[in-house]
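What's in final29.cif: mmCIF, C-alpha atoms
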data_work
loop_
_atom_site.label_atom_id
_atom_site.label_comp_id
_atom_site.auth_asym_id
_atom_site.auth_seq_id
_atom_site.Cartn_x
_atom_site.Cartn_y
_atom_site.Cartn_z
CA MET A 20 -36.24 -23.17 7.49
CA VAL A 21 -32.44 -22.91 7.47
CA LYS A 22 -30.55 -23.53 4.24
CA THR A 23 -27.04 -25.01 4.51
CA VAL A 24 -24.38 -23.99 1.99
CA ASP A 25 -21.49 -26.45 2.16
CA ALA A 26 -18.52 -24.53 0.76
CA ARG A 27 -15.84 -26.42 2.68
CA GLY A 28 -12.69 -26.87 0.63
CA LEU A 29 -13.94 -24.69 -2.21
CA PRO A 30 -11.59 -22.04 -3.59
CA CYS A 31 -12.28 -18.30 -3.56
CA PRO A 32 -14.74 -16.87 -4.50
CA GLN A 33 -17.05 -19.91 -4.49
CA PRO A 34 -18.14 -19.60 -0.81
CA VAL A 35 -19.21 -16.00 -1.41
CA LEU A 36 -20.95 -16.75 -4.71
CA LEU A 37 -22.88 -19.70 -3.28
CA THR A 38 -23.87 -17.68 -0.21
CA LYS A 39 -24.98 -14.73 -2.35
CA LYS A 40 -27.19 -17.05 -4.41
CA ALA A 41 -28.72 -18.58 -1.27
CA MET A 42 -29.42 -15.12 0.19
CA GLY A 43 -31.81 -14.49 -2.69
CA ALA A 44 -34.42 -16.70 -0.98
CA GLY A 45 -34.44 -14.41 2.06
CA GLU A 46 -34.22 -17.30 4.53
CA ALA A 47 -31.69 -18.10 7.26
CA ILE A 48 -28.47 -19.67 6.00
CA ILE A 49 -25.57 -21.61 7.46
CA THR A 50 -22.48 -21.40 5.25
CA LEU A 51 -19.80 -23.98 6.05
CA VAL A 52 -16.27 -22.89 5.17
CA THR A 53 -12.77 -24.15 5.82
CA GLY A 54 -10.67 -21.00 6.28
CA ARG A 55 -10.92 -17.99 8.57
CA ASP A 56 -10.41 -15.67 5.59
CA GLN A 57 -13.51 -17.20 3.97
CA VAL A 58 -15.44 -16.40 7.16
CA GLY A 59 -14.46 -12.75 6.74
CA ASN A 60 -15.48 -12.68 3.09
CA VAL A 61 -18.91 -14.20 3.78
CA ARG A 62 -19.41 -11.95 6.81
CA ARG A 63 -18.69 -8.76 4.84
CA LEU A 64 -21.02 -9.84 2.04
CA ALA A 65 -23.89 -10.50 4.45
CA GLU A 66 -23.42 -7.52 6.74
CA ARG A 67 -23.28 -5.15 3.78
CA ASP A 68 -26.78 -6.33 2.86
CA GLY A 69 -28.07 -5.94 6.43
CA TRP A 70 -27.93 -9.60 7.48
CA GLN A 71 -27.06 -10.64 11.04
CA VAL A 72 -23.96 -12.84 11.30
CA ARG A 73 -22.80 -15.29 13.95
CA VAL A 74 -19.69 -17.48 13.53
CA GLU A 75 -19.26 -20.88 15.14
CA GLU A 76 -15.91 -22.67 15.02
CA GLN A 77 -16.24 -26.37 14.27
CA GLU A 78 -13.87 -29.25 13.75
CA GLY A 79 -12.26 -28.72 10.36
CA GLY A 80 -13.72 -25.29 9.73
CA PHE A 81 -16.40 -22.76 10.57
CA ALA A 82 -20.17 -22.41 10.38
CA VAL A 83 -21.30 -18.90 9.46
CA HIS A 84 -24.91 -18.39 10.58
CA LEU A 85 -26.74 -15.72 8.58
CA ALA A 86 -30.11 -14.27 9.53
CA PRO A 87 -31.98 -12.08 7.02
CA PRO A 88 -32.71 -8.42 7.82
CA GLN A 89 -35.58 -7.81 10.22
CA ALA A 90 -38.90 -6.59 8.82
CA GLY A 91 -38.93 -2.81 8.65
CA ALA A 92 -35.14 -2.54 8.42
CA PRO A 93 -34.01 -0.07 5.75
CA GLU A 94 -33.25 -1.64 2.40
CA PRO A 95 -29.63 -1.34 1.27
CA GLN A 96 -29.39 1.29 -1.44
CA PRO A 97 -28.04 0.13 -4.79
CA ALA A 98 -25.02 1.93 -6.16
CA PRO A 99 -26.02 4.65 -8.61
CA GLN A 100 -25.58 3.70 -12.25
CA ALA A 101 -23.36 5.95 -14.33
CA GLN A 102 -25.09 7.67 -17.24
CA PRO A 103 -23.34 8.10 -20.61
CA GLY A 104 -21.37 11.34 -20.58
CA ALA A 105 -21.83 11.82 -16.83
CA VAL A 106 -18.90 12.60 -14.54
CA ALA A 107 -17.89 9.50 -12.57
CA THR A 108 -18.89 9.79 -8.91
CA GLY A 109 -17.91 6.38 -7.53
CA PRO A 110 -14.86 5.61 -5.40
CA THR A 111 -11.32 5.91 -6.68
CA VAL A 112 -9.67 2.50 -6.79
CA VAL A 113 -5.94 1.84 -7.25
CA VAL A 114 -5.00 -1.65 -8.46
CA LEU A 115 -1.55 -3.05 -7.66
CA SER A 116 -0.71 -6.22 -9.56
CA GLY A 117 3.03 -6.23 -8.85
CA GLU A 118 5.70 -5.22 -6.36
CA ARG A 119 7.31 -2.69 -8.67
CA MET A 120 6.14 0.32 -10.62
CA GLY A 121 6.45 0.10 -14.38
CA ARG A 122 8.44 -2.25 -16.56
CA GLY A 123 12.17 -2.27 -17.04
CA ASP A 124 14.76 -2.15 -14.29
CA ASP A 125 13.56 -4.02 -11.17
CA GLU A 126 15.59 -1.93 -8.73
CA LEU A 127 14.25 1.30 -10.19
CA GLY A 128 10.72 -0.13 -10.15
CA GLY A 129 11.05 -0.88 -6.45
CA ILE A 130 12.31 2.63 -5.71
CA LEU A 131 9.41 4.14 -7.65
CA MET A 132 6.85 2.01 -5.80
CA ARG A 133 8.23 3.02 -2.40
CA THR A 134 8.21 6.67 -3.47
CA PHE A 135 4.65 6.35 -4.78
CA PHE A 136 3.26 5.04 -1.49
CA HIS A 137 5.14 7.57 0.60
CA THR A 138 3.86 10.36 -1.63
CA LEU A 139 0.33 8.95 -1.45
CA THR A 140 0.28 9.55 2.32
CA GLU A 141 0.92 13.26 1.70
CA VAL A 142 -1.50 14.08 -1.14
CA GLU A 143 -5.24 14.76 -1.36
CA PRO A 144 -7.65 13.38 -2.16
CA LEU A 145 -6.68 9.90 -1.07
CA PRO A 146 -7.92 6.90 -3.06
CA ASP A 147 -10.85 5.07 -1.49
CA VAL A 148 -9.61 1.52 -2.11
CA LEU A 149 -6.30 -0.20 -2.85
CA ILE A 150 -6.56 -3.67 -4.40
CA PHE A 151 -3.56 -6.01 -4.29
CA TYR A 152 -3.35 -9.13 -6.44
CA ASN A 153 -0.77 -11.37 -8.11
CA THR A 154 2.71 -10.42 -6.78
CA GLY A 155 1.24 -7.12 -5.60
CA VAL A 156 0.10 -8.95 -2.44
CA ARG A 157 3.75 -9.00 -1.32
CA LEU A 158 3.41 -5.28 -0.65
CA ALA A 159 0.97 -6.00 2.19
CA VAL A 160 2.90 -8.69 4.07
CA GLU A 161 5.56 -8.64 6.78
CA GLY A 162 8.86 -7.31 5.49
CA SER A 163 7.30 -5.14 2.79
CA PRO A 164 9.24 -1.89 2.25
CA VAL A 165 5.95 0.06 2.03
CA LEU A 166 4.27 -1.40 5.11
CA ASP A 167 4.54 1.75 7.24
CA ASP A 168 2.96 3.87 4.51
CA LEU A 169 0.16 1.32 3.99
CA ARG A 170 -0.62 1.43 7.71
CA VAL A 171 -0.83 5.22 7.55
CA LEU A 172 -3.21 5.01 4.58
CA GLU A 173 -5.38 2.44 6.34
CA GLU A 174 -5.55 4.65 9.45
CA GLN A 175 -6.70 7.49 7.19
CA GLY A 176 -9.63 5.40 5.96
CA VAL A 177 -8.28 3.84 2.77
CA GLN A 178 -9.64 0.29 2.33
CA LEU A 179 -6.99 -2.32 1.51
CA LEU A 180 -8.26 -5.47 -0.24
CA VAL A 181 -5.70 -8.27 -0.60
CA CYS A 182 -6.46 -11.22 -2.88
CA GLY A 183 -6.77 -14.38 -0.78
CA THR A 184 -6.11 -16.71 -3.71
CA CYS A 185 -2.85 -14.87 -4.43
CA LEU A 186 -1.76 -14.95 -0.79
CA GLY A 187 -2.46 -18.68 -0.74
CA TYR A 188 -0.57 -19.25 -3.99
CA PHE A 189 2.55 -17.58 -2.57
CA ASP A 190 1.99 -19.14 0.90
CA LEU A 191 1.73 -15.69 2.49
CA LYS A 192 -1.63 -15.74 4.30
CA GLU A 193 -0.02 -16.01 7.73
CA GLN A 194 2.28 -13.07 6.93
CA LEU A 195 -0.43 -10.56 5.99
CA ALA A 196 0.34 -7.41 7.98
CA VAL A 197 -2.17 -4.86 6.70
CA GLY A 198 -5.57 -4.83 4.99
CA VAL A 199 -8.12 -7.63 4.75
CA ILE A 200 -8.04 -10.90 2.86
CA SER A 201 -10.55 -10.45 0.05
CA ASN A 202 -11.95 -12.51 -2.81
CA MET A 203 -12.57 -12.09 -6.52
CA TYR A 204 -16.29 -11.44 -6.04
CA THR A 205 -15.60 -8.40 -3.85
CA ILE A 206 -12.73 -7.26 -6.05
CA ALA A 207 -14.86 -7.46 -9.21
CA GLU A 208 -17.75 -5.67 -7.52
CA THR A 209 -15.43 -2.93 -6.26
CA LEU A 210 -13.96 -2.38 -9.71
CA LEU A 211 -17.38 -2.26 -11.38
CA ASP A 212 -18.68 0.27 -8.84
CA ALA A 213 -15.59 2.48 -9.09
CA GLY A 214 -15.69 6.00 -10.49
CA ARG A 215 -12.02 5.78 -11.43
CA VAL A 216 -9.63 2.81 -11.59
CA LEU A 217 -5.88 3.39 -11.67
CA ASN A 218 -3.64 0.45 -12.57
CA MET A 219 -0.12 0.60 -11.22
#
Take the structure in this file and express it as structure tokens.
Amino acid sequence: MVKTVDARGLPCPQPVLLTKKAMGAGEAIITLVTGRDQVGNVRRLAERDGWQVRVEEQEGGFAVHLAPPQAGAPEPQPAPQAQPGAVATGPTVVVLSGERMGRGDDELGGILMRTFFHTLTEVEPLPDVLIFYNTGVRLAVEGSPVLDDLRVLEEQGVQLLVCGTCLGYFDLKEQLAVGVISNMYTIAETLLDAGRVLNM
């Protein structure tokens, strides 16, 4: 039996949350979504848990067909839980909620942010994930003064998650130049699994 999740027109992260809930039954699912970015969010959720994904474009949106893992496939391993007093071992996550570094003079804040990203390409260890939300998403779109450095970081394996709701709010989805459009479910999960979170 195939379960249909109709998430058309729903805002982020509802398509992911509804799909995640439906996956609990372990049966095939068709998730209906409106936007291509929602397709990517649902796909990453399912593939991370070993599900097979096929996308069908339809009038007014997309149908994301999800098939549960085959019998005998290895179970996805849960992230290790941190013990009190233990050294954090999860990924290092840097959160960027604005275009400038610090509060005060905007011009200086812009200079500092550009310097930060350029320096980040030269240091070790690199962060594992960069998360962009609120006006921070403007750093990942066409015309951003840090775009070249972000491309270098992405080529070096740093994951760039850009809030889809924020891009939509500022009408910037079509201008995204680096990273992937993400959702609050993935962002929250990434933050909770992190060993260290740095807020810029």
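One finds atom CA of A:Ala196 at 11.5 Å from atom CA of A:Glu173.
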Expected selection from the PyMOL selection byres ((chain A and resi 34) around 10), given as a PyMOL selection string: chain A and resi 24-33+35-39+50-53+57-58+60-61+202+204
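Compared by their closest atoms to A:Arg133, and using all atoms listed in the file, the residues A:Gly69, A:Pro164, A:Pro88, A:Gly176 rank with A:Pro164 nearest.
Comparing A:Ala86, A:Val171, A:Val21, A:Ile48 by their smallest distance to A:Glu141, the closest is A:Val171 (using only C-alpha atoms).
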Adding 3 Å on each side of the box along x, y and z that holds all listed atoms of stretch 163-180 of chain A, could you give its centre and edge lengths in Å to one decimal, as AutoDock Vina command-line options?
--center_x -0.2 --center_y 1.0 --center_z 4.6 --size_x 24.9 --size_y 19.0 --size_z 15.7
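In this structure, atom CA of A:Asp168 sits 23.0 Å away from atom CA of A:Ala213.
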Pick from A:Val114, A:Ala82, A:Leu211, A:Leu169 nearest to A:Phe151, counting all atoms listed in the file: A:Val114
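Remark: for A:Arg170, the closest of the candidate residues A:Thr140, A:Thr108, A:Thr209, A:Ser201 is A:Thr140 (distances computed over all atoms listed in the file).
Going from atom CA of A:Lys40 to atom CA of A:Gln71 covers 16.7 Å.
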Proximity to A:Leu145 - best of A:Ile49, A:Met120, A:Val177, A:Leu127, all atoms listed in the file: A:Val177
Resolved residues for the PyMOL selection byres ((chain A and resi 217) around 6) as a PyMOL selection string: chain A and resi 113+216+218
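Taken over the shown file, the PyMOL selection byres ((chain A and resi 198) around 8) identifies Ala159, Glu173, Gln178, Leu179, Leu180, Val181, Leu195, Ala196, Val197, Val199 and Ile200 of chain A.
Shortest separation to A:Asp147 among A:Gly187, A:Gly80, A:Pro110, A:Pro87 occurs at residue A:Pro110, atoms counted being all atoms listed in the file.
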